[in-house]
Amino acid sequence: MNRSGLPVLILHTGDPNPSLTERFGGYADFMKAAAGLDDTDVHVVPVFLGERPREARHYRAALITGSPANVTDRDAWGEETADWLRQAARDGLPMFGICYGHQLLAHALGGRVDYNPAGREIGTRQLELVADDPLLEGLPRAFPVQTMHEQTVVELPPGARVLARSAMDGCQLLRLAPHIVSTQFHPEFGVDFMREHLRQYAERYARENIDAGAVAGELRATPESAGLLRRFLQLYATDAALAA
């Protein structure tokens, strides 16, 4: 099926707290900006508010945002979205999930998500590539990424392949299918958002023996990571790619 000219679907699965959202925008805004899309190019569906996307044939790709929710909560909207993702994968829709979206894709396709045995990962961390992939062509074998999660993919779905890991998480970047990839890290997050998040949640993190101030002091830009969404769309959701 030729999907040229169709919009990119953003499955919006939640937002930061109201203060952060007011200052920086919601997670769908982050995703749209990182992917280089404008309002005429996207269909944003806030599934966490009960809205539902159309069938996969109405989109040229789907991007799944992060969320404050946990996949293990088995929220009704999350399970319904997982059902949609499962069918969209069968229909060949190119998809890219981030954090909660990464975990929800893995869950939908037969993997397992749980709390990371290594604990919460927060801040700028080093990503190590462990496999070659068209999405990663020309990138260094290691580069910094922004992380903010406590759950992770603990069992891969059938046929999935790990492309990159960090010291605390062995499933940071997955190739789930020829047309589906996902990241546990956040290519859409910038340093300013990360710093303000750490400031607002410093007391919570202190209860987990995480020094938010020290983590904030080690934040740095992540340009290699930031380009991944645009690379993905160029590879799988341009007119030329869809017509191939």
# chains A, B, ... in the order shown; residues from 1 in each chain; ligands from 1
call {"tool": "closest_atom_pairs", "arguments": {"of": "stretch 8-82 of chain A", "to": "stretch 173-197 of chain A", "cutoff": "6 Å", "atoms": "only C-alpha atoms", "output": "JSON lines"}}
result
{"residue": "A:Phe30", "atom": "CA", "partner": "A:Glu188", "partner_atom": "CA", "distance": 5.7}
{"residue": "A:Met31", "atom": "CA", "partner": "A:Glu188", "partner_atom": "CA", "distance": 6.0}
{"residue": "A:Ala34", "atom": "CA", "partner": "A:Glu188", "partner_atom": "CA", "distance": 5.3}
call {"tool": "write_last_selection", "arguments": {"atoms": "N, CA and C atoms", "output": "PDB file, in the first residue's frame"}}
result
ATOM      1  N   PHE A  30       7.124  17.618  21.935  1.00  0.00           N
ATOM      2  CA  PHE A  30       8.527  17.217  21.885  1.00  0.00           C
ATOM      3  C   PHE A  30       8.778  16.306  20.680  1.00  0.00           C
ATOM      4  N   MET A  31       7.885  15.340  20.505  1.00  0.00           N
ATOM      5  CA  MET A  31       8.040  14.358  19.432  1.00  0.00           C
ATOM      6  C   MET A  31       7.958  15.039  18.071  1.00  0.00           C
ATOM      7  N   ALA A  34      11.182  17.084  17.425  1.00  0.00           N
ATOM      8  CA  ALA A  34      12.362  16.241  17.182  1.00  0.00           C
ATOM      9  C   ALA A  34      12.292  15.564  15.819  1.00  0.00           C
TER      10      ALA A  34
END
call {"tool": "residues_around", "arguments": {"residues": "stretch 8-13 of chain A", "least_positions_apart": "5", "cutoff": "7 Å", "atoms": "only C-alpha atoms", "output": "PDB file with N, CA and C atoms, in the first residue's frame"}}
result
ATOM      1  N   ALA A  28       3.851  15.154  23.038  1.00  0.00           N
ATOM      2  CA  ALA A  28       3.574  15.143  21.601  1.00  0.00           C
ATOM      3  C   ALA A  28       4.276  16.310  20.911  1.00  0.00           C
ATOM      4  N   ASP A  41       1.482  18.072   9.058  1.00  0.00           N
ATOM      5  CA  ASP A  41       2.091  16.773   8.763  1.00  0.00           C
ATOM      6  C   ASP A  41       1.674  15.666   9.729  1.00  0.00           C
ATOM      7  N   VAL A  42       0.994  16.028  10.814  1.00  0.00           N
ATOM      8  CA  VAL A  42       0.772  15.053  11.881  1.00  0.00           C
ATOM      9  C   VAL A  42      -0.706  14.943  12.258  1.00  0.00           C
ATOM     10  N   HIS A  43      -1.030  13.791  12.817  1.00  0.00           N
ATOM     11  CA  HIS A  43      -2.313  13.568  13.476  1.00  0.00           C
ATOM     12  C   HIS A  43      -1.990  13.115  14.890  1.00  0.00           C
ATOM     13  N   VAL A  44      -2.208  13.991  15.860  1.00  0.00           N
ATOM     14  CA  VAL A  44      -1.909  13.681  17.257  1.00  0.00           C
ATOM     15  C   VAL A  44      -3.164  13.092  17.902  1.00  0.00           C
ATOM     16  N   VAL A  45      -3.015  11.902  18.481  1.00  0.00           N
ATOM     17  CA  VAL A  45      -4.141  11.228  19.127  1.00  0.00           C
ATOM     18  C   VAL A  45      -3.780  10.968  20.587  1.00  0.00           C
ATOM     19  N   PRO A  46      -4.392  11.705  21.533  1.00  0.00           N
ATOM     20  CA  PRO A  46      -4.100  11.494  22.956  1.00  0.00           C
ATOM     21  C   PRO A  46      -4.804  10.248  23.485  1.00  0.00           C
ATOM     22  N   VAL A  47      -4.184   9.111  23.284  1.00  0.00           N
ATOM     23  CA  VAL A  47      -4.816   7.852  23.688  1.00  0.00           C
ATOM     24  C   VAL A  47      -4.996   7.774  25.195  1.00  0.00           C
ATOM     25  N   PHE A  48      -4.156   8.468  25.961  1.00  0.00           N
ATOM     26  CA  PHE A  48      -4.279   8.432  27.421  1.00  0.00           C
ATOM     27  C   PHE A  48      -5.531   9.161  27.898  1.00  0.00           C
ATOM     28  N   TYR A  59      -2.172   6.304   7.811  1.00  0.00           N
ATOM     29  CA  TYR A  59      -0.957   7.002   8.222  1.00  0.00           C
ATOM     30  C   TYR A  59       0.249   6.483   7.450  1.00  0.00           C
ATOM     31  N   ARG A  60       1.277   7.328   7.338  1.00  0.00           N
ATOM     32  CA  ARG A  60       2.501   6.857   6.703  1.00  0.00           C
ATOM     33  C   ARG A  60       3.515   6.354   7.716  1.00  0.00           C
ATOM     34  N   ALA A  61       3.335   6.687   8.999  1.00  0.00           N
ATOM     35  CA  ALA A  61       4.180   6.193  10.088  1.00  0.00           C
ATOM     36  C   ALA A  61       3.493   6.530  11.394  1.00  0.00           C
ATOM     37  N   ALA A  62       3.930   5.885  12.473  1.00  0.00           N
ATOM     38  CA  ALA A  62       3.417   6.193  13.812  1.00  0.00           C
ATOM     39  C   ALA A  62       4.589   6.386  14.759  1.00  0.00           C
ATOM     40  N   LEU A  63       4.498   7.418  15.596  1.00  0.00           N
ATOM     41  CA  LEU A  63       5.472   7.691  16.638  1.00  0.00           C
ATOM     42  C   LEU A  63       4.741   7.605  17.968  1.00  0.00           C
ATOM     43  N   ILE A  64       5.323   6.905  18.943  1.00  0.00           N
ATOM     44  CA  ILE A  64       4.662   6.692  20.240  1.00  0.00           C
ATOM     45  C   ILE A  64       5.470   7.379  21.313  1.00  0.00           C
ATOM     46  N   THR A  65       4.839   8.286  22.053  1.00  0.00           N
ATOM     47  CA  THR A  65       5.547   9.125  23.013  1.00  0.00           C
ATOM     48  C   THR A  65       5.853   8.396  24.316  1.00  0.00           C
ATOM     49  N   GLY A  66       6.649   9.072  25.132  1.00  0.00           N
ATOM     50  CA  GLY A  66       6.819   8.663  26.517  1.00  0.00           C
ATOM     51  C   GLY A  66       5.601   9.050  27.348  1.00  0.00           C
ATOM     52  N   SER A  67       5.601   8.619  28.615  1.00  0.00           N
ATOM     53  CA  SER A  67       4.443   8.819  29.475  1.00  0.00           C
ATOM     54  C   SER A  67       4.848   8.664  30.934  1.00  0.00           C
TER      55      SER A  67
END
call {"tool": "closest_residue", "arguments": {"among": "A:Glu55, A:Glu150, A:Asp29, A:Glu137", "to": "A:Val71", "atoms": "only C-alpha atoms"}}
result
A:Glu150
call {"tool": "select_by_dssp", "arguments": {"residues": "stretch 53-116 of chain A", "states": "alpha helix (DSSP H)", "output": "list of chain:residue names"}}
result
A:Ala76, A:Trp77, A:Gly78, A:Glu79, A:Glu80, A:Thr81, A:Ala82, A:Asp83, A:Trp84, A:Leu85, A:Arg86, A:Gln87, A:Ala88, A:Ala89, A:Arg90, A:Tyr100, A:Gly101, A:His102, A:Gln103, A:Leu104, A:Leu105, A:Ala106, A:His107, A:Ala108
call {"tool": "write_last_selection", "arguments": {"atoms": "N, CA, C and O atoms", "output": "compact mmCIF listing (two decimals), in the first residue's frame"}}
result
# COMPACT_ATOMS: atom_id res chain seq x y z
N ALA A 76 -6.43 0.45 30.79
CA ALA A 76 -7.27 0.03 29.67
C ALA A 76 -6.85 0.72 28.38
O ALA A 76 -6.76 0.09 27.32
N TRP A 77 -6.55 2.03 28.44
CA TRP A 77 -6.15 2.74 27.23
C TRP A 77 -4.82 2.22 26.69
O TRP A 77 -4.62 2.16 25.47
N GLY A 78 -3.90 1.83 27.60
CA GLY A 78 -2.62 1.29 27.18
C GLY A 78 -2.78 -0.06 26.49
O GLY A 78 -2.14 -0.33 25.47
N GLU A 79 -3.63 -0.92 27.05
CA GLU A 79 -3.85 -2.23 26.45
C GLU A 79 -4.56 -2.11 25.10
O GLU A 79 -4.25 -2.85 24.16
N GLU A 80 -5.50 -1.16 25.00
CA GLU A 80 -6.17 -0.95 23.71
C GLU A 80 -5.18 -0.42 22.68
O GLU A 80 -5.23 -0.81 21.50
N THR A 81 -4.26 0.45 23.12
CA THR A 81 -3.24 0.96 22.21
C THR A 81 -2.29 -0.16 21.80
O THR A 81 -1.86 -0.23 20.63
N ALA A 82 -1.95 -1.05 22.73
CA ALA A 82 -1.11 -2.20 22.39
C ALA A 82 -1.78 -3.06 21.33
O ALA A 82 -1.11 -3.56 20.40
N ASP A 83 -3.08 -3.26 21.42
CA ASP A 83 -3.81 -4.02 20.40
C ASP A 83 -3.69 -3.34 19.04
O ASP A 83 -3.48 -4.00 18.01
N TRP A 84 -3.82 -2.00 19.04
CA TRP A 84 -3.71 -1.24 17.79
C TRP A 84 -2.30 -1.40 17.21
O TRP A 84 -2.13 -1.61 16.00
N LEU A 85 -1.28 -1.31 18.06
CA LEU A 85 0.11 -1.44 17.61
C LEU A 85 0.36 -2.82 17.01
O LEU A 85 1.07 -2.96 16.01
N ARG A 86 -0.21 -3.83 17.63
CA ARG A 86 -0.03 -5.21 17.15
C ARG A 86 -0.58 -5.34 15.73
O ARG A 86 0.06 -5.93 14.85
N GLN A 87 -1.75 -4.78 15.51
CA GLN A 87 -2.35 -4.85 14.17
C GLN A 87 -1.57 -3.98 13.19
O GLN A 87 -1.35 -4.37 12.04
N ALA A 88 -1.13 -2.81 13.64
CA ALA A 88 -0.37 -1.92 12.76
C ALA A 88 0.94 -2.56 12.33
O ALA A 88 1.40 -2.39 11.19
N ALA A 89 1.56 -3.32 13.24
CA ALA A 89 2.78 -4.05 12.89
C ALA A 89 2.49 -5.08 11.81
O ALA A 89 3.26 -5.23 10.85
N ARG A 90 1.37 -5.78 11.93
CA ARG A 90 0.99 -6.76 10.91
C ARG A 90 0.71 -6.07 9.57
O ARG A 90 0.97 -6.64 8.50
N TYR A 100 8.06 4.94 27.31
CA TYR A 100 6.82 4.18 27.44
C TYR A 100 6.42 3.59 26.09
O TYR A 100 5.96 2.44 26.01
N GLY A 101 6.59 4.36 25.01
CA GLY A 101 6.25 3.86 23.68
C GLY A 101 7.12 2.68 23.28
O GLY A 101 6.64 1.74 22.63
N HIS A 102 8.38 2.72 23.64
CA HIS A 102 9.32 1.60 23.42
C HIS A 102 8.84 0.36 24.17
O HIS A 102 8.78 -0.75 23.62
N GLN A 103 8.48 0.55 25.42
CA GLN A 103 8.03 -0.57 26.25
C GLN A 103 6.69 -1.11 25.77
O GLN A 103 6.46 -2.33 25.76
N LEU A 104 5.78 -0.21 25.37
CA LEU A 104 4.45 -0.65 24.93
C LEU A 104 4.55 -1.45 23.63
O LEU A 104 3.84 -2.44 23.45
N LEU A 105 5.43 -1.02 22.72
CA LEU A 105 5.65 -1.79 21.50
C LEU A 105 6.17 -3.19 21.83
O LEU A 105 5.69 -4.19 21.28
N ALA A 106 7.16 -3.27 22.71
CA ALA A 106 7.71 -4.57 23.09
C ALA A 106 6.63 -5.45 23.71
O ALA A 106 6.51 -6.65 23.38
N HIS A 107 5.83 -4.87 24.60
CA HIS A 107 4.72 -5.60 25.22
C HIS A 107 3.72 -6.08 24.18
O HIS A 107 3.30 -7.25 24.18
N ALA A 108 3.37 -5.20 23.24
CA ALA A 108 2.38 -5.54 22.22
C ALA A 108 2.85 -6.68 21.33
O ALA A 108 2.04 -7.50 20.88
call {"tool": "residues_around", "arguments": {"residues": "A:Val153", "least_positions_apart": "3", "cutoff": "8 Å", "atoms": "only C-alpha atoms", "output": "PyMOL selection string"}}
result
chain A and resi 103+106+111-114+156+171
call {"tool": "write_last_selection", "arguments": {"atoms": "all heavy atoms", "output": "mmCIF file, in the first residue's frame"}}
result
data_model
loop_
_atom_site.group_PDB
_atom_site.id
_atom_site.type_symbol
_atom_site.label_atom_id
_atom_site.label_comp_id
_atom_site.auth_asym_id
_atom_site.auth_seq_id
_atom_site.Cartn_x
_atom_site.Cartn_y
_atom_site.Cartn_z
ATOM 1 N N GLN A 103 8.480 0.545 25.424
ATOM 2 C CA GLN A 103 8.032 -0.573 26.245
ATOM 3 C C GLN A 103 6.686 -1.109 25.766
ATOM 4 O O GLN A 103 6.458 -2.330 25.757
ATOM 5 C CB GLN A 103 7.944 -0.130 27.697
ATOM 6 C CG GLN A 103 9.285 0.275 28.298
ATOM 7 C CD GLN A 103 9.126 1.039 29.594
ATOM 8 O OE1 GLN A 103 8.032 1.099 30.169
ATOM 9 N NE2 GLN A 103 10.201 1.653 30.070
ATOM 10 N N ALA A 106 7.160 -3.269 22.711
ATOM 11 C CA ALA A 106 7.708 -4.575 23.086
ATOM 12 C C ALA A 106 6.628 -5.454 23.705
ATOM 13 O O ALA A 106 6.506 -6.645 23.384
ATOM 14 C CB ALA A 106 8.879 -4.392 24.046
ATOM 15 N N GLY A 111 6.967 -9.227 24.049
ATOM 16 C CA GLY A 111 8.029 -9.111 25.042
ATOM 17 C C GLY A 111 7.458 -8.877 26.435
ATOM 18 O O GLY A 111 6.247 -8.901 26.637
ATOM 19 N N ARG A 112 8.350 -8.631 27.386
ATOM 20 C CA ARG A 112 7.909 -8.398 28.772
ATOM 21 C C ARG A 112 8.605 -7.166 29.331
ATOM 22 O O ARG A 112 9.805 -6.962 29.124
ATOM 23 C CB ARG A 112 8.208 -9.620 29.648
ATOM 24 C CG ARG A 112 7.606 -9.511 31.053
ATOM 25 C CD ARG A 112 7.657 -10.856 31.777
ATOM 26 N NE ARG A 112 9.014 -11.249 32.125
ATOM 27 C CZ ARG A 112 9.620 -10.876 33.264
ATOM 28 N NH1 ARG A 112 9.003 -10.094 34.135
ATOM 29 N NH2 ARG A 112 10.849 -11.297 33.511
ATOM 30 N N VAL A 113 7.812 -6.362 30.035
ATOM 31 C CA VAL A 113 8.279 -5.115 30.644
ATOM 32 C C VAL A 113 8.155 -5.233 32.155
ATOM 33 O O VAL A 113 7.187 -5.797 32.676
ATOM 34 C CB VAL A 113 7.437 -3.923 30.137
ATOM 35 C CG1 VAL A 113 7.810 -2.637 30.860
ATOM 36 C CG2 VAL A 113 7.590 -3.759 28.634
ATOM 37 N N ASP A 114 9.151 -4.710 32.878
ATOM 38 C CA ASP A 114 9.098 -4.702 34.342
ATOM 39 C C ASP A 114 10.053 -3.622 34.845
ATOM 40 O O ASP A 114 10.717 -2.946 34.053
ATOM 41 C CB ASP A 114 9.471 -6.069 34.910
ATOM 42 C CG ASP A 114 8.799 -6.344 36.254
ATOM 43 O OD1 ASP A 114 8.436 -5.366 36.954
ATOM 44 O OD2 ASP A 114 8.631 -7.525 36.596
ATOM 45 N N LEU A 156 12.856 -9.693 25.358
ATOM 46 C CA LEU A 156 12.603 -9.211 24.011
ATOM 47 C C LEU A 156 11.432 -9.948 23.365
ATOM 48 O O LEU A 156 11.226 -11.136 23.614
ATOM 49 C CB LEU A 156 13.837 -9.415 23.139
ATOM 50 C CG LEU A 156 15.091 -8.617 23.474
ATOM 51 C CD1 LEU A 156 16.212 -9.013 22.534
ATOM 52 C CD2 LEU A 156 14.829 -7.122 23.399
ATOM 53 N N CYS A 171 18.710 -2.874 26.967
ATOM 54 C CA CYS A 171 17.757 -2.782 25.846
ATOM 55 C C CYS A 171 17.436 -1.321 25.530
ATOM 56 O O CYS A 171 16.270 -0.929 25.447
ATOM 57 C CB CYS A 171 16.474 -3.542 26.180
ATOM 58 S SG CYS A 171 16.672 -5.323 26.315
#
call {"tool": "closest_residue", "arguments": {"among": "A:Leu127, A:Tyr115, A:Arg23, A:Pro134", "to": "A:Glu155", "atoms": "only C-alpha atoms"}}
result
A:Tyr115
call {"tool": "select_by_dssp", "arguments": {"residues": "stretch 69-173 of chain A", "states": "strand (DSSP E or B)", "output": "ChimeraX atom specification"}}
result
/A:95-98,112-115,121-129,142-149,151-155,161-165,173
call {"tool": "closest_residue", "arguments": {"among": "A:Phe143, A:Ala206, A:Gly217, A:Ala56", "to": "A:Met95", "atoms": "only C-alpha atoms"}}
result
A:Ala56
call {"tool": "residues_around", "arguments": {"residues": "A:Glu121", "least_positions_apart": "5", "cutoff": "9 Å", "atoms": "only C-alpha atoms", "output": "number ranges by chain"}}
result
A: 116, 147-150, 168-169
call {"tool": "write_last_selection", "arguments": {"atoms": "N, CA and C atoms", "output": "PDB file, in the first residue's frame"}}
result
ATOM      1  N   ASN A 116      13.346  -2.012  36.131  1.00  0.00           N
ATOM      2  CA  ASN A 116      14.734  -2.299  35.813  1.00  0.00           C
ATOM      3  C   ASN A 116      15.448  -2.823  37.055  1.00  0.00           C
ATOM      4  N   THR A 147      18.291  10.033  29.576  1.00  0.00           N
ATOM      5  CA  THR A 147      17.503   8.923  30.117  1.00  0.00           C
ATOM      6  C   THR A 147      16.624   9.399  31.268  1.00  0.00           C
ATOM      7  N   MET A 148      15.469   8.737  31.418  1.00  0.00           N
ATOM      8  CA  MET A 148      14.537   9.067  32.504  1.00  0.00           C
ATOM      9  C   MET A 148      13.520   7.929  32.601  1.00  0.00           C
ATOM     10  N   HIS A 149      13.886   6.853  33.288  1.00  0.00           N
ATOM     11  CA  HIS A 149      12.964   5.723  33.357  1.00  0.00           C
ATOM     12  C   HIS A 149      13.306   4.814  34.536  1.00  0.00           C
ATOM     13  N   GLU A 150      12.292   4.067  34.978  1.00  0.00           N
ATOM     14  CA  GLU A 150      12.511   3.046  36.000  1.00  0.00           C
ATOM     15  C   GLU A 150      12.059   1.669  35.544  1.00  0.00           C
ATOM     16  N   MET A 168      23.342   0.713  32.554  1.00  0.00           N
ATOM     17  CA  MET A 168      22.239   0.303  33.420  1.00  0.00           C
ATOM     18  C   MET A 168      21.113  -0.415  32.693  1.00  0.00           C
ATOM     19  N   ASP A 169      21.139  -0.419  31.364  1.00  0.00           N
ATOM     20  CA  ASP A 169      20.008  -0.983  30.619  1.00  0.00           C
ATOM     21  C   ASP A 169      20.512  -1.634  29.342  1.00  0.00           C
TER      22      ASP A 169
END
call {"tool": "atom_distance", "arguments": {"atom1": "atom CA of A:Phe96", "atom2": "atom CA of A:Leu198"}}
result
26.0 Å
call {"tool": "closest_residue", "arguments": {"among": "A:Glu208, A:Ala164, A:Arg120, A:Arg125", "to": "A:Gln151", "atoms": "only C-alpha atoms"}}
result
A:Arg120
call {"tool": "atom_distance", "arguments": {"atom1": "atom CA of A:Thr152", "atom2": "atom CA of A:Gly14"}}
result
17.4 Å
call {"tool": "atom_distance", "arguments": {"atom1": "atom CA of A:Lys32", "atom2": "atom CA of A:Gly110"}}
result
27.8 Å
